[in-house]
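What follows is the content of coords_20.csv (CSV, C-alpha atoms and all ligand atoms).
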```csv
chain,number,residue,atom,x,y,z
A,1,MET,CA,59.5,-16.7,52.1
A,2,ALA,CA,58.9,-16.2,48.4
A,3,ARG,CA,55.7,-14.3,47.7
A,4,SER,CA,52.8,-16.3,46.2
A,5,PHE,CA,51.7,-15.9,42.6
A,6,ASP,CA,48.5,-14.1,43.5
A,7,THR,CA,50.6,-11.4,45.3
A,8,ARG,CA,53.1,-11.1,42.5
A,9,VAL,CA,50.5,-10.4,39.8
A,10,ILE,CA,49.8,-7.2,41.9
A,11,HIS,CA,53.3,-6.4,43.2
A,12,GLN,CA,55.0,-6.3,39.8
A,13,PRO,CA,58.7,-5.6,39.5
A,14,THR,CA,59.2,-1.8,39.5
A,15,ALA,CA,63.0,-1.1,39.1
A,16,ALA,CA,63.0,-0.8,35.3
A,17,ALA,CA,61.2,2.6,35.5
A,18,GLY,CA,63.3,4.1,38.2
A,19,GLU,CA,62.3,3.4,41.8
A,20,ARG,CA,58.8,4.7,41.7
A,21,PRO,CA,59.0,8.3,40.5
A,22,PHE,CA,57.3,10.7,43.0
A,23,GLY,CA,56.3,7.6,45.0
A,24,SER,CA,53.7,6.7,42.4
A,25,VAL,CA,52.2,3.3,43.3
A,26,THR,CA,51.1,2.7,39.7
A,27,PRO,CA,54.0,3.3,37.3
A,28,PRO,CA,53.8,6.3,34.8
A,29,ILE,CA,53.6,5.8,31.1
A,30,PHE,CA,56.9,6.7,29.5
A,31,GLN,CA,55.4,8.0,26.2
A,32,THR,CA,58.7,9.0,24.6
A,33,SER,CA,60.5,7.8,21.4
A,34,THR,CA,64.0,8.7,22.5
A,35,PHE,CA,66.3,9.3,25.5
A,36,THR,CA,68.9,12.0,25.9
A,37,PHE,CA,72.5,11.3,26.8
A,38,ASP,CA,74.4,13.4,29.4
A,39,SER,CA,77.5,13.4,27.3
A,40,ALA,CA,79.0,12.0,24.1
A,41,GLU,CA,80.8,9.5,26.3
A,42,GLN,CA,77.6,8.3,27.8
A,43,GLY,CA,76.1,7.9,24.4
A,44,ARG,CA,79.1,5.8,23.2
A,45,ALA,CA,78.9,3.7,26.4
A,46,ARG,CA,75.2,3.0,25.9
A,47,PHE,CA,75.6,1.9,22.3
A,48,ALA,CA,78.6,-0.2,23.2
A,49,GLY,CA,76.5,-1.9,25.9
A,50,GLU,CA,79.0,-0.9,28.6
A,51,GLU,CA,76.4,1.1,30.4
A,52,SER,CA,72.7,0.2,30.9
A,53,GLY,CA,70.1,2.8,30.1
A,54,TYR,CA,67.7,3.6,27.4
A,55,ILE,CA,68.5,4.9,23.9
A,56,TYR,CA,65.5,4.7,21.7
A,57,SER,CA,62.1,3.1,22.3
A,58,ARG,CA,62.4,0.5,19.6
A,59,LEU,CA,65.4,-0.9,21.5
A,60,GLY,CA,63.7,-0.6,24.9
A,61,ASN,CA,61.4,1.7,27.0
A,62,PRO,CA,60.8,1.8,30.8
A,63,THR,CA,57.1,1.1,30.5
A,64,THR,CA,57.4,-1.9,28.1
A,65,ARG,CA,60.3,-3.1,30.2
A,66,LEU,CA,58.2,-3.3,33.3
A,67,LEU,CA,55.8,-5.5,31.5
A,68,GLU,CA,58.6,-7.7,30.2
A,69,LEU,CA,59.9,-8.2,33.8
A,70,ALA,CA,56.4,-8.9,35.1
A,71,ILE,CA,55.6,-11.7,32.6
A,72,ALA,CA,59.1,-13.2,33.1
A,73,ASP,CA,58.4,-13.3,36.8
A,74,LEU,CA,55.0,-14.9,36.5
A,75,GLU,CA,56.2,-17.5,34.0
A,76,GLY,CA,59.4,-18.3,36.0
A,77,ALA,CA,61.7,-17.3,33.1
A,78,GLU,CA,65.0,-15.5,33.2
A,79,ASP,CA,63.9,-12.6,31.0
A,80,GLY,CA,61.0,-11.4,28.8
A,81,LEU,CA,60.2,-9.2,25.7
A,82,SER,CA,57.2,-7.3,24.6
A,83,PHE,CA,55.9,-7.0,21.0
A,84,GLY,CA,53.2,-5.1,19.1
A,85,SER,CA,51.0,-8.3,18.9
A,86,GLY,CA,51.1,-12.0,19.7
A,87,MET,CA,52.0,-12.7,16.0
A,88,ALA,CA,55.0,-10.2,16.3
A,89,ALA,CA,56.2,-12.2,19.3
A,90,ILE,CA,55.7,-15.6,17.6
A,91,SER,CA,57.4,-14.5,14.3
A,92,ALA,CA,60.4,-12.9,16.1
A,93,VAL,CA,61.0,-16.0,18.2
A,94,LEU,CA,60.7,-18.4,15.2
A,95,ILE,CA,62.9,-16.2,13.0
A,96,ALA,CA,65.5,-16.1,15.8
A,97,LEU,CA,65.5,-19.9,16.2
A,98,VAL,CA,65.5,-21.2,12.7
A,99,LYS,CA,67.3,-20.8,9.4
A,100,SER,CA,66.8,-22.1,5.9
A,101,GLY,CA,66.9,-25.9,5.8
A,102,ASP,CA,65.7,-26.4,9.4
A,103,HIS,CA,62.5,-28.2,10.4
A,104,ILE,CA,59.8,-27.4,13.0
A,105,VAL,CA,57.5,-29.9,14.7
A,106,VAL,CA,54.2,-28.3,15.3
A,107,SER,CA,51.2,-29.4,17.4
A,108,ARG,CA,48.4,-30.4,15.0
A,109,GLY,CA,46.2,-27.5,15.9
A,110,VAL,CA,47.5,-24.0,16.0
A,111,TYR,CA,46.2,-20.4,15.8
A,112,GLY,CA,45.3,-19.7,12.1
A,113,CYS,CA,47.9,-16.9,11.6
A,114,THR,CA,50.6,-19.1,13.2
A,115,PHE,CA,49.8,-21.7,10.5
A,116,GLY,CA,50.1,-18.9,7.9
A,117,LEU,CA,53.4,-17.8,9.3
A,118,LEU,CA,54.7,-21.4,9.1
A,119,GLU,CA,53.6,-21.7,5.5
A,120,MET,CA,55.4,-18.4,4.7
A,121,LEU,CA,58.6,-19.6,6.3
A,122,ARG,CA,58.3,-22.8,4.3
A,123,ASP,CA,57.5,-21.2,0.9
A,124,LYS,CA,59.9,-18.3,1.1
A,125,PHE,CA,62.7,-19.5,3.4
A,126,SER,CA,62.7,-23.3,3.1
A,127,VAL,CA,62.0,-24.0,6.7
A,128,THR,CA,59.8,-27.1,6.7
A,129,PHE,CA,57.3,-28.2,9.4
A,130,THR,CA,55.3,-31.2,10.3
A,131,LEU,CA,51.9,-31.0,12.1
A,132,ALA,CA,51.8,-33.8,14.7
A,133,ASP,CA,49.9,-35.3,17.5
A,134,LEU,CA,52.2,-34.6,20.5
A,135,SER,CA,50.1,-36.2,23.3
A,136,ASP,CA,52.9,-38.5,24.6
A,137,GLU,CA,56.6,-39.1,24.3
A,138,LEU,CA,56.4,-41.7,21.5
A,139,SER,CA,54.3,-39.4,19.3
A,140,VAL,CA,56.8,-36.6,19.8
A,141,GLU,CA,59.7,-38.9,18.9
A,142,THR,CA,58.0,-40.0,15.8
A,143,ALA,CA,57.6,-36.5,14.5
A,144,MET,CA,61.2,-35.5,15.0
A,145,GLN,CA,63.6,-35.3,12.0
A,146,PRO,CA,67.4,-34.9,12.0
A,147,ASN,CA,67.1,-31.2,11.2
A,148,THR,CA,64.3,-30.4,13.7
A,149,LYS,CA,65.4,-27.3,15.6
A,150,VAL,CA,62.1,-26.3,17.3
A,151,ILE,CA,59.0,-28.0,18.7
A,152,TYR,CA,56.3,-25.4,18.6
A,153,VAL,CA,53.1,-26.1,20.6
A,154,GLU,CA,49.9,-24.7,21.7
A,155,THR,CA,48.2,-26.4,24.6
A,156,PRO,CA,45.3,-26.5,25.0
A,157,VAL,CA,45.2,-26.5,21.2
A,158,ASN,CA,43.0,-23.9,19.5
A,159,PRO,CA,40.1,-24.6,19.1
A,160,THR,CA,39.8,-28.4,19.9
A,161,MET,CA,41.2,-28.1,23.4
A,162,GLU,CA,43.5,-31.1,22.8
A,163,LEU,CA,46.5,-31.1,25.2
A,164,VAL,CA,50.1,-31.5,24.3
A,165,ASP,CA,52.4,-33.3,26.8
A,166,LEU,CA,54.9,-30.5,27.6
A,167,ALA,CA,57.3,-32.5,29.7
A,168,ALA,CA,57.5,-35.2,27.0
A,169,CYS,CA,58.2,-32.5,24.3
A,170,ALA,CA,61.0,-31.1,26.5
A,171,ARG,CA,62.6,-34.5,27.1
A,172,VAL,CA,62.6,-35.4,23.4
A,173,ALA,CA,63.7,-31.9,22.2
A,174,HIS,CA,66.6,-31.5,24.6
A,175,LYS,CA,68.0,-34.9,23.6
A,176,ALA,CA,68.0,-33.7,20.0
A,177,GLY,CA,69.3,-30.2,20.9
A,178,ALA,CA,66.0,-28.6,19.8
A,179,THR,CA,64.1,-25.7,21.5
A,180,VAL,CA,60.5,-26.0,22.9
A,181,VAL,CA,58.4,-23.0,22.3
A,182,VAL,CA,54.9,-22.9,23.9
A,183,ASP,CA,52.0,-20.6,23.1
A,184,ASN,CA,50.5,-20.2,26.6
A,185,THR,CA,47.8,-17.8,25.6
A,186,PHE,CA,44.9,-20.1,26.5
A,187,ALA,CA,46.1,-21.3,29.9
A,188,THR,CA,48.1,-18.2,31.1
A,189,PRO,CA,50.7,-18.7,33.9
A,190,VAL,CA,47.8,-19.0,36.4
A,191,LEU,CA,46.8,-22.4,35.1
A,192,GLN,CA,50.0,-23.7,33.4
A,193,ARG,CA,53.7,-22.8,33.6
A,194,PRO,CA,55.5,-24.5,30.7
A,195,ILE,CA,59.0,-23.4,31.8
A,196,GLU,CA,58.6,-25.4,35.1
A,197,LEU,CA,57.7,-28.4,32.9
A,198,GLY,CA,60.9,-28.0,30.9
A,199,ALA,CA,59.9,-25.7,28.0
A,200,ASP,CA,62.5,-23.1,26.8
A,201,VAL,CA,60.4,-20.3,25.5
A,202,VAL,CA,56.8,-19.2,26.2
A,203,VAL,CA,54.9,-16.8,23.9
A,204,HIS,CA,51.6,-15.0,24.6
A,205,SER,CA,49.0,-13.1,22.8
A,206,ALA,CA,48.5,-10.7,25.7
A,207,THR,CA,45.6,-9.4,23.7
A,208,LYS,CA,43.6,-12.2,25.4
A,209,TYR,CA,43.6,-13.0,29.1
A,210,LEU,CA,46.7,-11.0,30.2
A,211,GLY,CA,45.2,-7.7,29.0
A,212,GLY,CA,41.8,-9.2,29.8
A,213,HIS,CA,39.6,-6.3,28.8
A,214,GLY,CA,39.5,-6.4,25.0
A,215,ASP,CA,41.1,-3.0,24.6
A,216,VAL,CA,44.7,-3.8,23.4
A,217,ILE,CA,46.7,-5.9,21.0
A,218,LEU,CA,50.1,-6.9,22.4
A,219,GLY,CA,52.5,-9.9,22.4
A,220,LEU,CA,55.0,-11.3,24.9
A,221,ALA,CA,57.8,-13.8,24.9
A,222,VAL,CA,59.9,-15.2,27.8
A,223,GLY,CA,63.0,-17.4,27.9
A,224,THR,CA,66.7,-17.5,28.7
A,225,GLU,CA,68.5,-14.2,29.1
A,226,GLU,CA,70.7,-15.2,26.1
A,227,LEU,CA,67.9,-15.8,23.7
A,228,MET,CA,66.0,-12.7,24.8
A,229,ALA,CA,69.1,-10.6,24.4
A,230,GLU,CA,69.6,-11.9,20.9
A,231,ILE,CA,66.0,-11.1,19.9
A,232,ARG,CA,66.1,-7.7,21.6
A,233,GLY,CA,69.4,-6.8,20.0
A,234,HIS,CA,68.7,-8.2,16.5
A,235,THR,CA,65.4,-9.8,15.5
A,236,ARG,CA,63.1,-7.3,17.3
A,237,LYS,CA,65.3,-4.3,16.8
A,238,ASP,CA,65.6,-4.9,13.0
A,239,ILE,CA,62.1,-6.2,12.3
A,240,GLY,CA,60.6,-3.6,14.6
A,241,GLY,CA,57.4,-5.2,16.0
A,242,ILE,CA,57.6,-3.4,19.3
A,243,ALA,CA,54.8,-2.8,21.8
A,244,ALA,CA,53.7,0.8,22.5
A,245,PRO,CA,54.2,2.2,26.1
A,246,PHE,CA,50.5,2.9,26.6
A,247,ASP,CA,49.5,-0.6,25.4
A,248,ALA,CA,52.1,-2.1,27.7
A,249,TRP,CA,50.7,-0.1,30.6
A,250,LEU,CA,47.1,-1.4,29.8
A,251,VAL,CA,48.4,-4.9,30.0
A,252,LEU,CA,50.2,-4.2,33.3
A,253,ARG,CA,47.0,-3.0,34.7
A,254,GLY,CA,45.0,-5.9,33.3
A,255,MET,CA,47.5,-8.4,34.8
A,256,LYS,CA,46.8,-7.2,38.4
A,257,THR,CA,43.4,-9.0,38.3
A,258,LEU,CA,44.7,-12.0,36.3
A,259,SER,CA,44.3,-14.5,39.1
A,260,LEU,CA,40.9,-13.3,40.1
A,261,ARG,CA,39.6,-13.2,36.5
A,262,MET,CA,41.0,-16.6,35.7
A,263,ASP,CA,39.3,-18.2,38.7
A,264,ARG,CA,36.0,-16.8,37.5
A,265,HIS,CA,36.6,-17.8,33.8
A,266,VAL,CA,37.4,-21.3,34.9
A,267,GLU,CA,34.4,-21.6,37.2
A,268,THR,CA,32.0,-20.3,34.5
A,269,ALA,CA,33.5,-22.4,31.7
A,270,LEU,CA,33.3,-25.6,33.7
A,271,ASP,CA,29.6,-25.0,34.5
A,272,ILE,CA,28.7,-24.1,30.9
A,273,ALA,CA,30.7,-27.0,29.5
A,274,SER,CA,28.9,-29.5,31.7
A,275,ARG,CA,25.5,-28.0,30.8
A,276,LEU,CA,26.4,-28.1,27.1
A,277,SER,CA,27.4,-31.8,27.3
A,278,HIS,CA,23.8,-32.6,28.4
A,279,HIS,CA,22.1,-30.6,25.6
A,280,PRO,CA,20.4,-32.6,22.9
A,281,ALA,CA,21.5,-30.2,20.1
A,282,VAL,CA,25.2,-30.7,21.1
A,283,GLN,CA,27.2,-33.6,19.7
A,284,GLU,CA,30.4,-33.2,21.5
A,285,VAL,CA,32.1,-30.8,24.1
A,286,TYR,CA,35.8,-30.2,24.3
A,287,TYR,CA,36.8,-28.8,27.7
A,288,PRO,CA,39.9,-30.0,29.6
A,289,GLY,CA,38.3,-29.4,33.0
A,290,LEU,CA,35.5,-31.9,32.5
A,291,GLU,CA,35.8,-35.0,34.6
A,292,ASN,CA,35.3,-37.3,31.6
A,293,TYR,CA,37.8,-35.4,29.4
A,294,ARG,CA,39.8,-37.7,27.2
A,295,GLN,CA,43.2,-36.6,28.4
A,296,ARG,CA,42.3,-36.3,32.1
A,297,ASP,CA,45.6,-37.7,33.4
A,298,LEU,CA,47.7,-35.3,31.3
A,299,TYR,CA,45.4,-32.5,32.3
A,300,LEU,CA,45.9,-33.1,36.0
A,301,ARG,CA,49.7,-33.3,35.5
A,302,GLN,CA,50.2,-30.0,33.8
A,303,MET,CA,47.2,-27.7,34.3
A,304,SER,CA,45.4,-26.4,37.4
A,305,GLY,CA,42.2,-25.5,35.7
A,306,GLY,CA,40.5,-25.9,32.3
A,307,GLY,CA,40.7,-22.3,31.2
A,308,GLY,CA,37.9,-20.1,29.8
A,309,VAL,CA,37.5,-21.5,26.3
A,310,ILE,CA,35.2,-24.3,25.3
A,311,GLY,CA,34.9,-26.0,21.9
A,312,PHE,CA,31.6,-27.7,21.1
A,313,ILE,CA,30.0,-29.3,18.1
A,314,VAL,CA,26.5,-28.4,17.2
A,315,LYS,CA,24.6,-31.3,15.4
A,316,GLY,CA,24.0,-30.4,11.8
A,317,GLY,CA,27.4,-29.1,10.5
A,318,MET,CA,27.9,-25.8,8.8
A,319,SER,CA,24.3,-24.6,8.6
A,320,ALA,CA,23.5,-25.5,12.2
A,321,GLY,CA,26.7,-23.9,13.4
A,322,MET,CA,25.9,-20.6,11.5
A,323,GLY,CA,22.2,-20.8,12.5
A,324,MET,CA,23.1,-21.0,16.2
A,325,MET,CA,25.5,-18.1,15.9
A,326,ASN,CA,22.8,-15.9,14.3
A,327,ARG,CA,20.4,-16.4,17.2
A,328,LEU,CA,22.6,-15.2,20.0
A,329,GLU,CA,21.7,-12.1,21.8
A,330,LEU,CA,24.1,-11.7,24.8
A,331,CYS,CA,27.2,-13.6,23.5
A,332,GLU,CA,29.1,-11.4,21.1
A,333,ARG,CA,29.7,-12.9,17.7
A,334,ALA,CA,33.4,-12.0,17.6
A,335,VAL,CA,36.8,-13.5,17.2
A,336,SER,CA,39.4,-13.1,20.0
A,337,LEU,CA,38.9,-14.6,23.5
A,338,GLY,CA,39.8,-14.1,27.1
A,339,GLU,CA,38.1,-10.9,28.0
A,340,THR,CA,35.2,-9.6,30.1
A,341,HIS,CA,32.5,-10.1,27.4
A,342,THR,CA,31.6,-13.6,26.4
A,343,LEU,CA,32.8,-14.0,22.8
A,344,ILE,CA,31.7,-16.8,20.4
A,345,GLU,CA,33.0,-17.7,17.0
A,346,HIS,CA,32.6,-20.4,14.3
A,347,PRO,CA,36.1,-21.6,13.3
A,348,ALA,CA,35.1,-23.2,10.0
A,349,SER,CA,33.6,-20.0,8.6
A,350,MET,CA,35.9,-17.5,10.5
A,351,THR,CA,39.3,-18.0,12.2
A,352,HIS,CA,40.2,-21.2,10.4
A,353,THR,CA,38.9,-20.6,6.9
A,354,VAL,CA,42.5,-19.9,5.8
A,355,ILE,CA,43.3,-23.5,6.5
A,356,PRO,CA,42.3,-25.9,3.7
A,357,PRO,CA,39.3,-28.1,4.7
A,358,ASP,CA,41.3,-31.4,4.6
A,359,ILE,CA,43.9,-30.1,7.0
A,360,ARG,CA,41.1,-28.5,9.1
A,361,TYR,CA,39.4,-31.9,9.4
A,362,GLN,CA,42.8,-33.5,10.2
A,363,MET,CA,43.1,-30.9,13.0
A,364,GLY,CA,39.7,-32.0,14.3
A,365,ILE,CA,37.8,-28.9,13.3
A,366,ASP,CA,34.3,-30.1,12.4
A,367,ASP,CA,32.1,-27.7,10.3
A,368,GLY,CA,29.7,-27.5,13.3
A,369,LEU,CA,32.4,-26.7,15.8
A,370,ILE,CA,31.8,-23.5,17.9
A,371,ARG,CA,34.5,-21.8,20.0
A,372,LEU,CA,33.1,-20.1,23.1
A,373,SER,CA,35.2,-17.8,25.3
A,374,THR,CA,33.3,-17.4,28.5
A,375,GLY,CA,33.3,-13.9,29.9
A,376,LEU,CA,32.8,-12.5,33.4
A,377,GLU,CA,29.0,-12.1,33.1
A,378,ASP,CA,26.5,-14.0,35.3
A,379,VAL,CA,26.8,-17.7,34.3
A,380,ASP,CA,23.0,-18.1,34.2
A,381,ASP,CA,22.6,-15.2,31.7
A,382,ILE,CA,25.3,-16.8,29.5
A,383,TRP,CA,23.6,-20.2,29.6
A,384,GLU,CA,20.1,-18.8,28.9
A,385,ASP,CA,21.4,-17.2,25.7
A,386,LEU,CA,23.3,-20.3,24.5
A,387,ASN,CA,20.3,-22.5,25.4
A,388,GLN,CA,17.7,-20.5,23.5
A,389,ALA,CA,20.0,-20.4,20.4
A,390,LEU,CA,20.6,-24.1,20.6
A,391,CYS,CA,17.0,-25.0,21.1
A,392,ALA,CA,16.0,-22.9,18.1
A,393,VAL,CA,18.5,-24.7,15.9
A,394,GLU,CA,17.3,-28.1,17.2
A,395,ASP,CA,13.7,-27.3,16.2
A,396,VAL,CA,14.6,-26.4,12.6
B,401,LIG,C1,45.2,-14.4,19.4
B,401,LIG,C2,46.2,-15.5,19.4
B,401,LIG,C3,47.4,-15.3,18.8
B,401,LIG,C4,47.8,-14.1,18.0
B,401,LIG,O1,47.9,-13.0,18.8
B,401,LIG,P1,47.6,-11.4,18.4
B,401,LIG,O2,47.8,-10.7,19.6
B,401,LIG,O3,46.3,-11.4,17.8
B,401,LIG,O4,48.7,-11.2,17.3
B,401,LIG,C5,48.4,-16.3,18.9
B,401,LIG,N1,48.1,-17.5,19.5
B,401,LIG,C6,46.9,-17.7,20.1
B,401,LIG,C7,46.6,-19.0,20.8
B,401,LIG,C8,45.9,-16.7,20.0
B,401,LIG,O5,44.7,-16.9,20.6
```

Translate the structure described by the file into structure tokens.
Amino acid sequence: MARSFDTRVIHQPTAAAGERPFGSVTPPIFQTSTFTFDSAEQGRARFAGEESGYIYSRLGNPTTRLLELAIADLEGAEDGLSFGSGMAAISAVLIALVKSGDHIVVSRGVYGCTFGLLEMLRDKFSVTFTLADLSDELSVETAMQPNTKVIYVETPVNPTMELVDLAACARVAHKAGATVVVDNTFATPVLQRPIELGADVVVHSATKYLGGHGDVILGLAVGTEELMAEIRGHTRKDIGGIAAPFDAWLVLRGMKTLSLRMDRHVETALDIASRLSHHPAVQEVYYPGLENYRQRDLYLRQMSGGGGVIGFIVKGGMSAGMGMMNRLELCERAVSLGETHTLIEHPASMTHTVIPPDIRYQMGIDDGLIRLSTGLEDVDDIWEDLNQALCAVEDV
């Protein structure tokens, strides 16, 4: 019988680092830049790809390789790759998939730097993109152009928590010979497995839930063996955004508690989201796990929990949003998400300021929108802090 997901997060693949040197249960960190060849013939065979084995750590390293195999296993993909950051993973994947003149369909909310990358690809390399609502098959079809090569989606969308219909994207894309790339950072493979729904490539900012402890920046991508080999042998090798062995080791360690942590993040977020929706200072709450969530059917079809991130709008726009942020004592005013500490940020004045206001509003980002990443603290302590800050803003 195949082992369950909760067992596989702990019993990660080990072969890439040699079968457990000295019987170590936890793999060592291969902190080396280069690897010696036994002979000139062996060096030739490694470069020719006739013999497997390591050459130089920008091309591959046993510790980073362990992590690549672990994430491929959890996402149900043929192979994986690690990168120095989520953005290095996203840029390598997009550069590998498109060329000048191609078009990308993009979910209408994306991570701010991903939006910046798309603008750079457009302005310097003539790769165009369209932001679109991708909540059902018709909307995906409407966004497609004859030169569309990639559908790039985040779901839940950052920070409005809108969902994209992954199965519909896959059906439409594959009819047109396009590739579906999904940023699964918010959901993690615990709550959503895009490859099983038909997606081709999954990317992660492992900086968030996979690492889970706020101590590392790292990116991952998984997909077909063919595409991963192409990126390993060309895009990543030549652009060079690789992950460091120690950072990969930290993420491997973090991933062992991924299932446990996600269960707690989901439980706390659901509780906080429902309390927020009854608060008089709050205009609206976006959280996929809520029973009255707008896309409830889609949520039940593709996710098994709402995740740890909540979007909510404080009544009173920019000044109320910033006023509430200033009164917090436990929740950390910080960007990033998916770690032990509760982190809170104000997209209109922080992560999404690079996006022009009109596009921001089109993405559903209100000036009073707050993004809360629930941590692993006691839920009542988190609520007490949020409640006192909201009550203070309401009185003003
Ligand atoms: C943080 C984040 C990224 C970028 O990842 P880095 O590791 O910071 O480069 C991309 N997508 C999403 C959804 C993120 O939250």

- Task: Excluding Ala281 of chain A and residues on its chain fewer than 2 positions from it, collect all residues at most 9 Å away from it, counting only C-alpha atoms, and give them as a count of residues only.
- Result: 12

- Task: Show me which residues sit within 8 Å of ligand LIG 401 (chain B) when counting all atoms listed in the file, and put them as a PyMOL selection string.
- Result: chain A and resi 84-90+110-111+113-114+154+157-158+183-186+204-208+217-219+336-337

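Using all atoms listed in the file, the nearest neighbour of Ala70 of chain A within the list A:Trp249, A:Tyr286, A:Tyr54, A:Phe312 is A:Trp249.
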
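Taking atom CA of Ala143 of chain A and atom CA of Leu131 of chain A as endpoints, the distance between them is 8.3 Å.
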
Write out as JSON lines the residues of segment 202-263 of chain A that have any atom within 9 Å of an atom of segment 94-102 of chain A, one row each with the nearest atom pair and its distance in Å to one decimal, counting only C-alpha atoms, sorted by chain and then rising number.
```
{"residue": "A:Leu227", "atom": "CA", "partner": "A:Ala96", "partner_atom": "CA", "distance": 8.3}
{"residue": "A:Glu230", "atom": "CA", "partner": "A:Ala96", "partner_atom": "CA", "distance": 7.8}
{"residue": "A:Ile231", "atom": "CA", "partner": "A:Ala96", "partner_atom": "CA", "distance": 6.5}
{"residue": "A:His234", "atom": "CA", "partner": "A:Ala96", "partner_atom": "CA", "distance": 8.6}
{"residue": "A:Thr235", "atom": "CA", "partner": "A:Ala96", "partner_atom": "CA", "distance": 6.3}
```

Since we have the selection now, will you write its residues out, keeping C-alpha atoms, as an mmCIF file, in the frame of the given file?
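The resulting file, again38.cif, is reproduced below:
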```
data_model
loop_
_atom_site.group_PDB
_atom_site.id
_atom_site.type_symbol
_atom_site.label_atom_id
_atom_site.label_comp_id
_atom_site.auth_asym_id
_atom_site.auth_seq_id
_atom_site.Cartn_x
_atom_site.Cartn_y
_atom_site.Cartn_z
ATOM 1 C CA LEU A 227 67.900 -15.800 23.700
ATOM 2 C CA GLU A 230 69.600 -11.900 20.900
ATOM 3 C CA ILE A 231 66.000 -11.100 19.900
ATOM 4 C CA HIS A 234 68.700 -8.200 16.500
ATOM 5 C CA THR A 235 65.400 -9.800 15.500
#
```

- Which residue of A:Thr268, A:Thr342, A:Thr32, A:Ser274 approaches Val379 of chain A most closely, using only C-alpha atoms: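 Under the stated criterion, the closest residue is A:Thr268.
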
- Message: Just to confirm, what's the straight-line distance from atom CA of Leu258 of chain A to atom CA of Cys331 of chain A in Å (one decimal)?
- Response: 21.7 Å

- A:Ala15, A:Ala243, A:Ala273, A:Ala72: which is nearest Leu290 of chain A, counting all atoms listed in the file? A:Ala273

- Item | Selection near Thr63 of chain A, 6 Å with all atoms listed in the file, sequence-local residues under 2 positions removed, as an MDAnalysis selection string | chainID A and resid 29:30 61 65:66 245

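Between atom CA of Phe5 of chain A and atom CA of Ser24 of chain A there is a distance of 22.7 Å.
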
- 10 Å contact set for segment 104-107 of chain A, all atoms listed in the file, chain neighbours under 2 positions out, as a count of residues only: 43

- Item | Close residues, Arg327 of chain A itself excluded, 9 Å, all atoms listed in the file, min 5 positions apart in chain, as a list in words |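 That gives Met322, Asp385, Leu386, Gln388, Ala389, Leu390, Ala392 and Val393 of chain A.
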
For C-alpha atoms, I'd like the residues from the last selection saved as an mmCIF file, in the frame of the given file.
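Generated output (out28.cif):
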```cif
data_model
loop_
_atom_site.group_PDB
_atom_site.id
_atom_site.type_symbol
_atom_site.label_atom_id
_atom_site.label_comp_id
_atom_site.auth_asym_id
_atom_site.auth_seq_id
_atom_site.Cartn_x
_atom_site.Cartn_y
_atom_site.Cartn_z
ATOM 1 C CA MET A 322 25.900 -20.600 11.500
ATOM 2 C CA ASP A 385 21.400 -17.200 25.700
ATOM 3 C CA LEU A 386 23.300 -20.300 24.500
ATOM 4 C CA GLN A 388 17.700 -20.500 23.500
ATOM 5 C CA ALA A 389 20.000 -20.400 20.400
ATOM 6 C CA LEU A 390 20.600 -24.100 20.600
ATOM 7 C CA ALA A 392 16.000 -22.900 18.100
ATOM 8 C CA VAL A 393 18.500 -24.700 15.900
#
```

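With only C-alpha atoms as the atoms that count, the residue of A:Thr26, A:Thr340, A:Thr64, A:Thr36 with the shortest distance to His11 of chain A is A:Thr26.
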
- Message: From (38.1, -27.3, 36.1), in the file's coordinates, out to 8 Å: which residues are reached, counting all atoms listed in the file? Answer as an MDAnalysis selection string.
- Response: chainID A and resid 266:267 270 288:290 304:307

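For the choices A:Glu19, A:Asp215, A:Asp6, A:Asp73, the atom-to-atom distance to Val251 of chain A is smallest for A:Asp215 when using all atoms listed in the file.
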
- Using only C-alpha atoms, find all polymer residues with an atom at most 12 Å away from the point (30.1, -12.4, 31.6); report them as a PyMOL selection string. chain A and resi 213+261+264-269+272+308+330-332+338-343+372-383+385

- Kindly indicate which residue among A:Arg296, A:Arg58, A:Lys256, A:Arg171 lies nearest to Gly240 of chain A, using all atoms listed in the file for the distances.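 For Gly240 of chain A, the nearest of the given residues is A:Arg58.
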